[in-house]
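Okay, so here's the structure we're looking at.
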Amino acid sequence: MMPGIFTAKRRLVRTVCTGFLGFLLMELPLSMMDGNTANAQGNGMQQIHFRQVIDLSHRITPDIPLWPGDPPVEFEEIANMDTDGYYLRKFSIGEHSATHMNAPNSFHPGGIGIDEYAPESLVRPAVVIDVRDRTRFNPDYVITEQDVLSWERHHGRIKPGSVVLFYTGWQELWDSPEQFFNQDAGGGLHFPGIGAETTAFLLAERNIAGVGIDTHGADPGQDPMFSTNTLVLAQNGIILECLTNLHRLPPKGTTLVIGILRLQNGSGSPVSVMAFTP
């Protein structure tokens, strides 16, 4: 066989295989294991049907909004193409900076670290509750149980094991750190969050797996007790903060896949949150 023909056939095979793999990834359902569902259904398998994958994480740069007192985001070049033949940097970032997930040990002495979350616990159905009409003129808005019940009247009861995402509109302020935190002269922060009673209701009455929000805190900026974080993390649940692209998600039907940095004893981790939407 002529070398040129062999190369052409090899390229053809590679193209066909790549195309077929892409077809499989887009058309076939992705299976996942959920221990609770396995007991309920018997076979232990769920199916994720999706048409689109949406990234809910902000890009990490040195200019991102940082919680007051948190360490800066820093990048340092270690190797470059001209002198080393490859490119490499090291980076430094706080465990609760950028789009991130909090761990129980950040609020509970003796709680588990971010490295102890089981992989299957990080694949979850999600619903999105849009509260922008309440937060637009009230940065201190506290999300209520009534907000949840109003959503359920239109979309049905929230299923157990879900992560409830709240879209406040704060994701649009990400590029303006001053507006994002809305800090007053006395150092107080003014952004919306989930009320303690609402969180208690979701945990007890809806058996949710956790919550997420597009602000820098699941708790309102004016809550010094961090009530929602404390309640959810007491159950080794999921707290996602600084999400983005929530406007692109449907009210229900999304599946989240949360990629953590498995930091030893980490109090949290920057995360890559992928949303598989129907």
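Residues in the structure tokens are numbered from 1 in each chain, the chains being A, B, ... in the order shown, and ligands are numbered from 1 in the order shown.
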
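Scanning range 103-208 of chain A with DSSP on the backbone, the strand (DSSP E) assignments fall on Val123, Arg124, Pro125, Ala126, Val127, Val128, Ile129, Asp130, Val142, Ile143, Val163, Val164, Leu165, Phe166, Tyr167, Gly193 and Ile194 of chain A.
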
Produce a table with one row for each residue of range 103-198 of chain A that has an atom at most 12 Å from any atom of range 250-260 of chain A, each row naming the nearest atom pair and its distance in Å at one decimal; use only C-alpha atoms; arrange rows by chain and rising residue number; format as a Markdown table.
| residue | atom | partner | partner_atom | distance |
| --- | --- | --- | --- | --- |
| A:Ala103 | CA | A:Ile260 | CA | 10.7 |
| A:Gly113 | CA | A:Ile260 | CA | 11.5 |
| A:Ile114 | CA | A:Ile260 | CA | 7.7 |
| A:Asp115 | CA | A:Ile260 | CA | 8.2 |
| A:Glu116 | CA | A:Ile260 | CA | 10.6 |
| A:Tyr117 | CA | A:Ile260 | CA | 9.1 |
| A:Ala118 | CA | A:Ile260 | CA | 10.8 |
| A:Pro119 | CA | A:Ile258 | CA | 8.9 |
| A:Glu120 | CA | A:Val257 | CA | 9.3 |
| A:Ser121 | CA | A:Ile258 | CA | 9.0 |
| A:Leu122 | CA | A:Ile258 | CA | 5.2 |
| A:Val123 | CA | A:Val257 | CA | 4.6 |
| A:Arg124 | CA | A:Leu256 | CA | 5.2 |
| A:Pro125 | CA | A:Thr255 | CA | 4.3 |
| A:Ala126 | CA | A:Thr254 | CA | 5.3 |
| A:Val127 | CA | A:Lys252 | CA | 4.5 |
| A:Val128 | CA | A:Pro251 | CA | 4.7 |
| A:Ile129 | CA | A:Pro251 | CA | 6.6 |
| A:Asp130 | CA | A:Pro251 | CA | 8.2 |
| A:Val131 | CA | A:Pro251 | CA | 11.9 |
| A:Val148 | CA | A:Pro251 | CA | 11.9 |
| A:Trp151 | CA | A:Pro251 | CA | 8.7 |
| A:Glu152 | CA | A:Pro251 | CA | 10.2 |
| A:His154 | CA | A:Pro251 | CA | 9.7 |
| A:His155 | CA | A:Pro251 | CA | 7.5 |
| A:Gly156 | CA | A:Lys252 | CA | 9.3 |
| A:Arg157 | CA | A:Lys252 | CA | 10.5 |
| A:Ile158 | CA | A:Lys252 | CA | 8.9 |
| A:Lys159 | CA | A:Lys252 | CA | 10.1 |
| A:Gly161 | CA | A:Thr255 | CA | 11.2 |
| A:Ser162 | CA | A:Thr255 | CA | 9.0 |
| A:Val163 | CA | A:Leu256 | CA | 8.3 |
| A:Val164 | CA | A:Lys252 | CA | 9.6 |
| A:Leu165 | CA | A:Pro251 | CA | 9.3 |
| A:Phe166 | CA | A:Pro251 | CA | 10.2 |
| A:Tyr167 | CA | A:Pro251 | CA | 10.3 |

**OP:** Considering only C-alpha atoms, return as a count of residues only whatever protein or nucleic-acid residues lie within 12 Å of range 81-95 of chain A, sequence-local ones (same chain, fewer than 5 positions apart) excluded.
**Re:** 37

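CA of Ala98 in chain A sits 20.5 Å away from CA of Pro139 in chain A.
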
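Proximity of A:Pro220, A:Gly186, A:Pro160, A:Gly237 to Arg206 in chain A, computed with only C-alpha atoms, is greatest for A:Pro160.
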